[in-house]
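This report refers to the structure that appears directly beneath it.
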Number of protein chains: 2
Amino acid sequence: MAGEKAHHERCEGHGHAHSPHSDVAAMIERARAFAAARKLPFTEMRARVLTVLAREQKPLTAYEITDRLSLPKKVQAVQVYRALDFLQEAGCVHRLASKASYFACDHEHHPGEAVVFMVCSHCGTVQEAPSDLVAQGLHGAAEHAGFKPAHPIVELEGECARCASNPL
Amino acid sequence: MAGEKAHHERCEGHGHAHSPHSDVAAMIERARAFAAARKLPFTEMRARVLTVLAREQKPLTAYEITDRLSLPKKVQAVQVYRALDFLQEAGCVHRLASKASYFACDHEHHPGEAVVFMVCSHCGTVQEAPSDLVAQGLHGAAEHAGFKPAHPIVELEGECARCASNPL
DNA sequence: ACGGTGGTGTAATACTATTACACTTCCCTG
DNA sequence: CAGGGAAGTGTAATAGTATTACACCACCGT
Ligand SMILES: [Zn+2]
Ligand SMILES: [Zn+2]
Ligand SMILES: [Zn+2]
Ligand SMILES: [Zn+2]
């Protein structure tokens with residue numbers, strides 16, 4: 001009884017102005033595969049949360065997601081947090097520490113990789129970019145301090161190309 | 001490298017086991033200089049908050065600071081947040097986004113610099129290390145995306161040298 | 001049928017951060 | 001020396017983010 005939904009919920013036609021995450025279905029599929037690999041159910045709640053994030057281009061807070069899902073029936077924040085935990089482990093969603101919010105990811109990430117989250121302070125969008133240089137820098141700093149690195153968080157606030165060229 | 005001076009500072013309240021960042025008095029002096037440069041008062045509240053953080057080795061949450069300052073008289077969290085805002089602008093305190101907590105800094109930071117916060121997941125201590133490589137990597141990623149970078153956050157969770165060599 | 005693992009729904013609570021307002025202090029200037 | 005304004009304080013209330021607890025249910029392997 002795991003989410004049969006998610007199929008007819010496509011943000012299709014033309015989508016938003018720019019649709020980097022246009023393929024919601026593919027992201028759902030990725031999450032479903034992760035679940036299957038672990039013999040865990042890919043439930044409707046998980047699909048609904050991922051769908052909301054995949055359609056949006058900006059990060060959403062857990063409570064914003066909760067609001068969007070609260071029709072027709074009220075959903076509790078804790079349910080959203082549970083789904084977010086799963087989706088983060090699945091690598092389909094990231095948390096933006098600087099904003100305490102969450103966004104969908106359509107990249108594959110590899111261990112040891114360092115990914116830069118570029119957050120536009122004007123429009124709120126996030127772009128991800130892996131950087132070998134950053135990864136090396138982190139590794140070097142850690143080595144120099146005798147520090148055993150585990151999980152990096154790299155966020156860069158600034159202004160995206162779109163906002164820079166597009167006066168409001 | 002951070003100063004490893006085993007320096008004993010006098011404590012105006014109760015003493016503390018380990019001796020943290022170099023010198024509380026020097027940090028106070030730095031904050032005072034910043035205030036003077038801007039013709040702003042370096043008030044008692046600001047000094048008290050900075051003193052608490054400078055003595056501690058680990059980041060503290062605003063409410064933990066509030067608790068420590070609430071003797072002999074109860075202090076409100078908002079007062080601590082106000083002081084933290086000032087101290088962050090003065091460059092004497094950083095916020096750790098991944099933990100929503102604050103710690104004292106005894107480095108001078110320069111514009112364009114990228115600083116890595118290495119956070120031990122075992123003992124909670126934070127070490128700072130500037131990294132040119134990380135700065136270059138951030139700059140490169142931004143340039144490639146047409147992104148105008150402003151303020152980076154780089155946090156690395158892991159295990160510090162001390163904890164790695166010191167079994168619980 | 002049974003027991004165990006994992007998800008759901010609900011309520012309550014903990015933790016983090018901000019807004020509002022009345023009052024004060026200090027400094028500048030007229 | 002009065003007046004005004006920028007900045008800080010103390011207090012209360014509130015907004016926003018995240019977790020714990022528990023009863024119940026669904027699925028799976030035995
Ligand atoms: Zn990603
Ligand atoms: Zn933008
Ligand atoms: Zn610093
Ligand atoms: Zn440690």
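Every chain in the structure tokens takes a letter, A first, then B, and so on in the order presented; its residues are numbered from 1, and the ligands are numbered from 1 following the presented order.
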Checklist entry - Neighbours of ligand 3 within 12 Å, counting only C-alpha atoms (C1' of nucleotides) and all ligand atoms, as a ChimeraX atom specification? => result /B:1-2,21,27,87-96,102-111,113-118,126-130,153-154
Output N, CA and C atoms for every residue in that selection, as a tab-separated table (two decimals), in the first residue's frame.
```tsv
chain	number	residue	atom	x	y	z
B	1	MET	N	47.80	28.39	13.42
B	1	MET	CA	47.50	27.58	14.62
B	1	MET	C	47.04	28.45	15.78
B	2	ALA	N	46.22	27.89	16.52
B	2	ALA	CA	45.73	28.62	17.69
B	2	ALA	C	46.79	28.59	18.77
B	21	HIS	N	40.59	29.23	25.19
B	21	HIS	CA	41.30	30.09	24.27
B	21	HIS	C	42.18	31.04	25.06
B	27	MET	N	40.39	39.07	24.56
B	27	MET	CA	39.20	39.08	23.73
B	27	MET	C	38.29	40.23	24.11
B	87	LEU	N	28.46	41.13	19.33
B	87	LEU	CA	29.74	40.42	19.36
B	87	LEU	C	30.05	39.74	18.03
B	88	GLN	N	29.00	39.30	17.34
B	88	GLN	CA	29.24	38.71	16.03
B	88	GLN	C	29.70	39.78	15.05
B	89	GLU	N	29.09	40.94	15.12
B	89	GLU	CA	29.53	42.01	14.23
B	89	GLU	C	30.96	42.43	14.56
B	90	ALA	N	31.29	42.34	15.82
B	90	ALA	CA	32.64	42.70	16.24
B	90	ALA	C	33.65	41.64	15.84
B	91	GLY	N	33.15	40.47	15.40
B	91	GLY	CA	34.04	39.39	14.99
B	91	GLY	C	34.62	38.61	16.16
B	92	CYS	N	34.03	38.77	17.33
B	92	CYS	CA	34.53	38.08	18.51
B	92	CYS	C	33.81	36.78	18.76
B	93	VAL	N	32.69	36.61	18.11
B	93	VAL	CA	31.86	35.43	18.33
B	93	VAL	C	31.34	34.95	16.98
B	94	HIS	N	31.30	33.64	16.82
B	94	HIS	CA	30.68	33.07	15.62
B	94	HIS	C	29.47	32.24	16.01
B	95	ARG	N	28.57	32.13	15.06
B	95	ARG	CA	27.44	31.23	15.24
B	95	ARG	C	27.72	29.95	14.49
B	96	LEU	N	27.48	28.83	15.13
B	96	LEU	CA	27.63	27.53	14.49
B	96	LEU	C	26.25	27.12	13.97
B	102	TYR	N	26.85	29.23	19.77
B	102	TYR	CA	27.76	30.36	19.60
B	102	TYR	C	29.07	30.08	20.33
B	103	PHE	N	30.17	30.54	19.73
B	103	PHE	CA	31.45	30.35	20.40
B	103	PHE	C	32.36	31.55	20.15
B	104	ALA	N	33.29	31.75	21.08
B	104	ALA	CA	34.21	32.88	20.99
B	104	ALA	C	35.32	32.58	20.01
B	105	CYS	N	35.78	33.61	19.35
B	105	CYS	CA	36.85	33.49	18.37
B	105	CYS	C	38.00	34.38	18.78
B	106	ASP	N	39.21	33.85	18.68
B	106	ASP	CA	40.33	34.72	19.03
B	106	ASP	C	41.24	34.99	17.84
B	107	HIS	N	40.74	34.73	16.66
B	107	HIS	CA	41.50	35.05	15.45
B	107	HIS	C	41.09	36.42	14.93
B	108	GLU	N	41.95	36.93	14.10
B	108	GLU	CA	41.55	38.05	13.25
B	108	GLU	C	41.10	37.44	11.93
B	109	HIS	N	39.99	37.88	11.43
B	109	HIS	CA	39.57	37.38	10.13
B	109	HIS	C	39.67	38.48	9.10
B	110	HIS	N	39.98	38.07	7.88
B	110	HIS	CA	40.15	39.04	6.80
B	110	HIS	C	39.10	38.80	5.73
B	111	PRO	N	38.69	39.85	5.08
B	111	PRO	CA	37.66	39.73	4.05
B	111	PRO	C	38.13	38.79	2.93
B	113	GLU	N	38.43	35.71	3.12
B	113	GLU	CA	38.96	34.51	3.73
B	113	GLU	C	37.84	33.48	3.92
B	114	ALA	N	38.19	32.21	3.81
B	114	ALA	CA	37.21	31.16	4.13
B	114	ALA	C	37.72	30.38	5.33
B	115	VAL	N	36.91	30.32	6.36
B	115	VAL	CA	37.34	29.67	7.59
B	115	VAL	C	36.53	28.39	7.80
B	116	VAL	N	37.23	27.32	8.10
B	116	VAL	CA	36.58	26.05	8.36
B	116	VAL	C	36.38	25.88	9.86
B	117	PHE	N	35.15	25.61	10.27
B	117	PHE	CA	34.88	25.30	11.67
B	117	PHE	C	34.85	23.78	11.80
B	118	MET	N	35.81	23.23	12.50
B	118	MET	CA	35.85	21.78	12.70
B	118	MET	C	35.22	21.44	14.04
B	126	VAL	N	35.23	23.20	19.04
B	126	VAL	CA	35.36	23.72	17.68
B	126	VAL	C	36.76	24.27	17.48
B	127	GLN	N	37.38	23.92	16.38
B	127	GLN	CA	38.64	24.54	15.99
B	127	GLN	C	38.41	25.29	14.69
B	128	GLU	N	39.01	26.46	14.59
B	128	GLU	CA	38.90	27.22	13.35
B	128	GLU	C	40.18	27.10	12.56
B	129	ALA	N	40.05	27.00	11.25
B	129	ALA	CA	41.23	27.03	10.38
B	129	ALA	C	40.88	27.69	9.06
B	130	PRO	N	41.58	28.76	8.74
B	130	PRO	CA	41.35	29.38	7.44
B	130	PRO	C	41.95	28.49	6.36
B	153	ILE	N	29.63	29.77	4.78
B	153	ILE	CA	29.55	29.01	6.02
B	153	ILE	C	30.18	27.65	5.75
B	154	VAL	N	31.26	27.35	6.44
B	154	VAL	CA	31.93	26.06	6.21
B	154	VAL	C	32.12	25.35	7.54
```
Item to check | Nearby residues, ligand 2, 7 Å, only C-alpha atoms (C1' of nucleotides) and all ligand atoms, as JSON, numbers by chain | outcome: {"A": [120, 121, 122, 123, 124, 125, 159, 160, 161, 162, 163]}
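Between C1' of DG6 (chain C) and CA of Phe42 (chain A) the separation is 11.7 Å.
Those residues in region 81-145 of chain A carrying a DSSP assignment of strand (DSSP E or B), computed from the backbone, are Val93, His94, Arg95, Leu96, Ser101, Tyr102, Phe103, Ala104, Val115, Val116, Phe117, Met118, Val119, Cys120, Val126, Gln127, Glu128, Ala129 and Pro130 of chain A.
Interface residues of chain D facing chain B, defined by any atom at most 9 Å away and using only C-alpha atoms (C1' of nucleotides), are D:DA7, D:DG8, D:DT9, D:DG10, D:DT11.
Put simply, CA of Leu60 (chain A) is 26.3 Å away from CA of His139 (chain B).
If you measure from each of C:DG7, C:DC27, C:DC21, C:DT13 to chain A using only C-alpha atoms (C1' of nucleotides), the closest one turns out to be C:DG7.
Note that CA of Asp132 (chain B) and CA of Pro149 (chain B) are 15.4 Å apart.
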After fit on chain A (all C-alpha, ordered pairs), chain B as a short mmCIF file (atom, residue, chain, number, x, y, z; two decimals) with C-alpha atoms, in the first residue's frame:
```cif
data_model
loop_
_atom_site.label_atom_id
_atom_site.label_comp_id
_atom_site.auth_asym_id
_atom_site.auth_seq_id
_atom_site.Cartn_x
_atom_site.Cartn_y
_atom_site.Cartn_z
CA MET B 1 24.92 19.71 -14.19
CA ALA B 2 21.38 19.29 -13.20
CA GLY B 3 19.01 18.02 -15.81
CA GLU B 4 17.39 20.88 -17.63
CA LYS B 5 14.74 18.70 -19.12
CA ALA B 6 11.61 20.68 -19.61
CA HIS B 7 9.45 17.88 -18.47
CA HIS B 8 5.82 18.06 -17.62
CA GLU B 9 4.70 16.01 -14.72
CA ARG B 10 1.17 15.48 -13.79
CA CYS B 11 0.07 16.88 -10.50
CA GLU B 12 -2.28 15.11 -8.27
CA GLY B 13 -3.53 18.27 -6.67
CA HIS B 14 -3.18 21.76 -7.96
CA GLY B 15 -0.60 22.42 -10.60
CA HIS B 16 2.36 24.69 -10.16
CA ALA B 17 3.77 27.37 -12.41
CA HIS B 18 7.35 26.34 -12.94
CA SER B 19 8.64 22.86 -13.56
CA PRO B 20 11.22 22.05 -10.93
CA HIS B 21 13.73 19.27 -10.66
CA SER B 22 13.50 16.76 -13.39
CA ASP B 23 10.89 14.36 -12.31
CA VAL B 24 8.90 13.93 -9.16
CA ALA B 25 8.08 10.34 -9.98
CA ALA B 26 11.75 9.45 -10.34
CA MET B 27 12.51 10.90 -6.93
CA ILE B 28 9.67 8.98 -5.39
CA GLU B 29 11.07 5.89 -7.02
CA ARG B 30 14.50 6.52 -5.54
CA ALA B 31 13.05 6.87 -2.07
CA ARG B 32 10.98 3.78 -2.56
CA ALA B 33 14.05 1.81 -3.56
CA PHE B 34 15.90 2.98 -0.49
CA ALA B 35 13.03 1.91 1.70
CA ALA B 36 12.82 -1.46 0.05
CA ALA B 37 16.56 -2.01 0.46
CA ARG B 38 16.16 -1.52 4.17
CA LYS B 39 12.93 -3.39 4.39
CA LEU B 40 11.22 -0.29 5.61
CA PRO B 41 7.83 0.83 4.39
CA PHE B 42 7.60 3.76 2.02
CA THR B 43 4.51 5.23 3.57
CA GLU B 44 2.04 7.74 2.27
CA MET B 45 3.27 10.48 4.56
CA ARG B 46 6.80 10.07 3.25
CA ALA B 47 5.57 10.22 -0.30
CA ARG B 48 3.48 13.30 0.37
CA VAL B 49 6.35 15.21 1.95
CA LEU B 50 8.75 14.30 -0.82
CA THR B 51 6.20 15.23 -3.45
CA VAL B 52 5.71 18.67 -1.95
CA LEU B 53 9.45 19.30 -1.87
CA ALA B 54 10.09 17.87 -5.30
CA ARG B 55 7.55 20.17 -6.86
CA GLU B 56 8.89 23.25 -5.22
CA GLN B 57 12.00 24.90 -6.49
CA LYS B 58 12.88 26.52 -3.22
CA PRO B 59 13.60 25.04 0.19
CA LEU B 60 10.62 24.91 2.50
CA THR B 61 10.54 24.94 6.27
CA ALA B 62 8.97 22.02 8.05
CA TYR B 63 6.02 24.19 8.95
CA GLU B 64 5.51 25.33 5.38
CA ILE B 65 5.39 21.70 4.36
CA THR B 66 2.97 21.07 7.19
CA ASP B 67 0.68 23.82 5.93
CA ARG B 68 0.72 22.49 2.38
CA LEU B 69 -0.21 19.03 3.61
CA SER B 70 -2.88 20.15 6.02
CA LEU B 71 -5.67 19.76 3.51
CA PRO B 72 -8.01 18.07 3.58
CA LYS B 73 -6.96 17.11 7.06
CA LYS B 74 -4.71 18.85 9.53
CA VAL B 75 -1.22 17.40 9.76
CA GLN B 76 1.08 17.91 12.73
CA ALA B 77 4.62 19.22 12.38
CA VAL B 78 6.05 16.19 14.11
CA GLN B 79 4.72 13.95 11.38
CA VAL B 80 6.56 16.04 8.82
CA TYR B 81 9.77 15.94 10.83
CA ARG B 82 9.55 12.18 10.98
CA ALA B 83 9.16 11.93 7.24
CA LEU B 84 12.00 14.40 6.71
CA ASP B 85 14.29 12.28 8.88
CA PHE B 86 13.59 9.30 6.70
CA LEU B 87 14.00 11.20 3.46
CA GLN B 88 17.27 12.73 4.58
CA GLU B 89 18.64 9.31 5.40
CA ALA B 90 17.46 8.15 2.02
CA GLY B 91 19.45 10.99 0.47
CA CYS B 92 16.39 12.43 -1.23
CA VAL B 93 16.20 15.56 0.88
CA HIS B 94 18.79 17.90 2.34
CA ARG B 95 18.53 20.33 5.18
CA LEU B 96 19.78 23.84 4.56
CA ALA B 97 21.39 24.75 7.86
CA SER B 98 21.60 28.45 7.16
CA LYS B 99 17.85 28.68 6.66
CA ALA B 100 16.56 25.80 8.73
CA SER B 101 14.71 24.50 5.70
CA TYR B 102 14.56 21.45 3.48
CA PHE B 103 14.79 20.76 -0.23
CA ALA B 104 14.61 17.77 -2.54
CA CYS B 105 17.74 16.43 -4.18
CA ASP B 106 17.87 14.56 -7.43
CA HIS B 107 21.56 13.73 -7.45
CA GLU B 108 23.29 10.62 -6.34
CA HIS B 109 25.82 11.44 -3.70
CA HIS B 110 28.94 9.45 -3.00
CA PRO B 111 30.83 9.08 0.25
CA GLY B 112 33.72 11.48 0.64
CA GLU B 113 32.16 13.88 -1.81
CA ALA B 114 31.74 17.54 -0.87
CA VAL B 115 28.67 19.23 -2.23
CA VAL B 116 28.21 22.98 -2.38
CA PHE B 117 24.69 24.31 -1.85
CA MET B 118 24.42 27.62 -3.69
CA VAL B 119 21.56 29.58 -2.23
CA CYS B 120 20.23 32.63 -4.03
CA SER B 121 19.52 35.34 -1.52
CA HIS B 122 17.12 36.94 -3.95
CA CYS B 123 14.86 34.16 -5.18
CA GLY B 124 15.74 31.49 -2.62
CA THR B 125 16.52 28.68 -5.05
CA VAL B 126 19.28 26.21 -4.31
CA GLN B 127 21.66 24.61 -6.76
CA GLU B 128 23.90 21.74 -5.79
CA ALA B 129 27.38 21.22 -7.17
CA PRO B 130 29.91 18.67 -6.02
CA SER B 131 33.46 20.00 -5.82
CA ASP B 132 36.61 17.94 -5.64
CA LEU B 133 38.61 21.01 -4.79
CA VAL B 134 36.43 21.73 -1.78
CA ALA B 135 36.67 18.10 -0.71
CA GLN B 136 40.44 18.24 -0.93
CA GLY B 137 40.51 21.51 0.95
CA LEU B 138 38.39 20.11 3.75
CA HIS B 139 40.49 17.01 3.91
CA GLY B 140 43.67 19.03 4.01
CA ALA B 141 42.45 21.36 6.73
CA ALA B 142 41.31 18.41 8.81
CA GLU B 143 44.56 16.54 8.38
CA HIS B 144 46.58 19.56 9.31
CA ALA B 145 44.63 19.88 12.55
CA GLY B 146 44.58 16.18 13.37
CA PHE B 147 40.85 16.31 12.95
CA LYS B 148 38.90 13.27 11.82
CA PRO B 149 36.28 14.58 9.40
CA ALA B 150 32.82 13.08 9.21
CA HIS B 151 30.12 15.21 7.70
CA PRO B 152 30.68 18.54 5.88
CA ILE B 153 28.19 21.36 5.43
CA VAL B 154 29.02 23.76 2.62
CA GLU B 155 26.58 26.52 1.81
CA LEU B 156 27.23 29.51 -0.39
CA GLU B 157 24.91 32.45 -0.30
CA GLY B 158 24.85 34.71 -3.33
CA GLU B 159 22.90 35.58 -6.43
CA CYS B 160 21.91 33.03 -9.00
CA ALA B 161 22.44 33.52 -12.72
CA ARG B 162 18.75 33.99 -13.31
CA CYS B 163 18.36 36.76 -10.79
CA ALA B 164 21.57 38.46 -11.87
CA SER B 165 20.36 38.76 -15.44
CA ASN B 166 16.73 39.34 -14.60
CA PRO B 167 16.24 42.74 -12.97
CA LEU B 168 13.33 42.72 -10.58
#
```
Item to check | Residue neighbourhood DT30 (chain D), 10 Å, only C-alpha atoms (C1' of nucleotides), exclusion window fewer than 2 positions, as number ranges by chain | outcome: C: 2-3; D: 28
Checklist entry - Within 12 Å of chain A, which residues of chain C show up when using only C-alpha atoms (C1' of nucleotides), listed as a PyMOL selection string? => result chain C and resi 5-12+16
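Residue neighbourhood of DA15 (chain D), excluding near-sequence residues (fewer than 2 positions): C:DA17, C:DT18, C:DT19, at 9 Å, using only C-alpha atoms (C1' of nucleotides).
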If DSSP is run on the backbone, what residues of region 36-103 of chain B are helix (DSSP H, G or I)? A reply as a short mmCIF file (atom, residue, chain, number, x, y, z; two decimals) with N, CA, C and O atoms, in the first residue's frame would be ideal.
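Listing of selection-v1.cif after writing:
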```
data_model
loop_
_atom_site.label_atom_id
_atom_site.label_comp_id
_atom_site.auth_asym_id
_atom_site.auth_seq_id
_atom_site.Cartn_x
_atom_site.Cartn_y
_atom_site.Cartn_z
N ALA B 36 34.72 50.97 20.50
CA ALA B 36 35.25 52.33 20.50
C ALA B 36 35.35 52.87 19.07
O ALA B 36 34.97 54.01 18.80
N ALA B 37 35.82 52.03 18.15
CA ALA B 37 35.97 52.45 16.77
C ALA B 37 34.65 52.89 16.17
O ALA B 37 34.61 53.73 15.27
N GLU B 44 28.15 46.26 29.96
CA GLU B 44 28.41 45.16 30.87
C GLU B 44 27.83 43.85 30.34
O GLU B 44 28.46 42.80 30.42
N MET B 45 26.64 43.93 29.79
CA MET B 45 26.01 42.73 29.25
C MET B 45 26.88 42.11 28.17
O MET B 45 27.04 40.89 28.12
N ARG B 46 27.41 42.93 27.30
CA ARG B 46 28.26 42.43 26.22
C ARG B 46 29.50 41.77 26.78
O ARG B 46 29.93 40.71 26.33
N ALA B 47 30.06 42.39 27.80
CA ALA B 47 31.25 41.82 28.42
C ALA B 47 30.93 40.50 29.10
O ALA B 47 31.70 39.54 29.01
N ARG B 48 29.78 40.44 29.74
CA ARG B 48 29.44 39.20 30.46
C ARG B 48 29.24 38.04 29.49
O ARG B 48 29.70 36.93 29.74
N VAL B 49 28.55 38.32 28.39
CA VAL B 49 28.31 37.25 27.41
C VAL B 49 29.63 36.78 26.81
O VAL B 49 29.89 35.58 26.72
N LEU B 50 30.47 37.72 26.43
CA LEU B 50 31.74 37.34 25.83
C LEU B 50 32.60 36.57 26.83
O LEU B 50 33.26 35.60 26.47
N THR B 51 32.56 36.98 28.07
CA THR B 51 33.35 36.29 29.09
C THR B 51 32.92 34.84 29.25
O THR B 51 33.75 33.93 29.31
N VAL B 52 31.61 34.64 29.28
CA VAL B 52 31.10 33.27 29.40
C VAL B 52 31.59 32.41 28.22
O VAL B 52 32.08 31.30 28.40
N LEU B 53 31.48 32.96 27.03
CA LEU B 53 31.88 32.18 25.85
C LEU B 53 33.39 31.97 25.80
O LEU B 53 33.86 30.90 25.42
N ALA B 54 34.13 32.98 26.21
CA ALA B 54 35.59 32.88 26.12
C ALA B 54 36.13 31.86 27.09
O ALA B 54 37.17 31.23 26.86
N ARG B 55 35.43 31.66 28.18
CA ARG B 55 35.91 30.69 29.16
C ARG B 55 35.60 29.26 28.77
O ARG B 55 36.25 28.32 29.23
N ALA B 62 22.21 30.07 23.05
CA ALA B 62 21.85 31.34 23.68
C ALA B 62 21.21 31.10 25.05
O ALA B 62 21.42 31.87 25.99
N TYR B 63 20.46 30.04 25.15
CA TYR B 63 19.78 29.77 26.42
C TYR B 63 20.73 29.22 27.47
O TYR B 63 20.54 29.46 28.66
N GLU B 64 21.76 28.52 27.04
CA GLU B 64 22.77 28.09 28.00
C GLU B 64 23.51 29.30 28.55
O GLU B 64 23.80 29.37 29.75
N ILE B 65 23.81 30.24 27.68
CA ILE B 65 24.45 31.47 28.14
C ILE B 65 23.52 32.19 29.12
O ILE B 65 23.94 32.65 30.18
N THR B 66 22.26 32.24 28.74
CA THR B 66 21.27 32.90 29.59
C THR B 66 21.26 32.29 30.99
O THR B 66 21.28 33.00 31.99
N ASP B 67 21.29 30.97 31.05
CA ASP B 67 21.29 30.30 32.35
C ASP B 67 22.51 30.67 33.16
O ASP B 67 22.41 30.98 34.35
N ARG B 68 23.67 30.65 32.50
CA ARG B 68 24.91 30.96 33.23
C ARG B 68 24.93 32.39 33.74
O ARG B 68 25.61 32.70 34.71
N LEU B 69 24.21 33.27 33.08
CA LEU B 69 24.22 34.67 33.50
C LEU B 69 23.08 35.01 34.45
O LEU B 69 23.00 36.14 34.93
N ALA B 77 16.50 35.85 27.59
CA ALA B 77 17.21 35.41 26.39
C ALA B 77 17.42 36.55 25.40
O ALA B 77 18.48 36.63 24.76
N VAL B 78 16.45 37.42 25.30
CA VAL B 78 16.57 38.48 24.30
C VAL B 78 17.76 39.38 24.59
O VAL B 78 18.40 39.90 23.66
N GLN B 79 18.09 39.54 25.84
CA GLN B 79 19.25 40.36 26.18
C GLN B 79 20.53 39.69 25.67
O GLN B 79 21.44 40.35 25.19
N VAL B 80 20.56 38.37 25.80
CA VAL B 80 21.72 37.63 25.31
C VAL B 80 21.81 37.70 23.79
O VAL B 80 22.89 37.92 23.23
N TYR B 81 20.69 37.56 23.12
CA TYR B 81 20.70 37.66 21.66
C TYR B 81 21.21 39.02 21.22
O TYR B 81 21.93 39.14 20.24
N ARG B 82 20.82 40.05 21.93
CA ARG B 82 21.28 41.38 21.55
C ARG B 82 22.79 41.49 21.67
O ARG B 82 23.48 42.00 20.78
N ALA B 83 23.30 40.97 22.78
CA ALA B 83 24.75 41.02 22.96
C ALA B 83 25.45 40.16 21.91
O ALA B 83 26.50 40.55 21.37
N LEU B 84 24.87 39.01 21.60
CA LEU B 84 25.49 38.15 20.59
C LEU B 84 25.54 38.83 19.23
O LEU B 84 26.51 38.69 18.49
N ASP B 85 24.50 39.56 18.89
CA ASP B 85 24.49 40.29 17.62
C ASP B 85 25.68 41.24 17.56
O ASP B 85 26.42 41.29 16.58
N PHE B 86 25.85 41.97 18.64
CA PHE B 86 26.97 42.91 18.69
C PHE B 86 28.30 42.17 18.56
O PHE B 86 29.16 42.54 17.77
N LEU B 87 28.46 41.13 19.33
CA LEU B 87 29.74 40.42 19.36
C LEU B 87 30.05 39.74 18.03
O LEU B 87 31.21 39.64 17.63
N GLN B 88 29.00 39.30 17.34
CA GLN B 88 29.24 38.71 16.03
C GLN B 88 29.70 39.78 15.05
O GLN B 88 30.60 39.54 14.24
N GLU B 89 29.09 40.94 15.12
CA GLU B 89 29.53 42.01 14.23
C GLU B 89 30.96 42.43 14.56
O GLU B 89 31.71 42.82 13.68
#
```
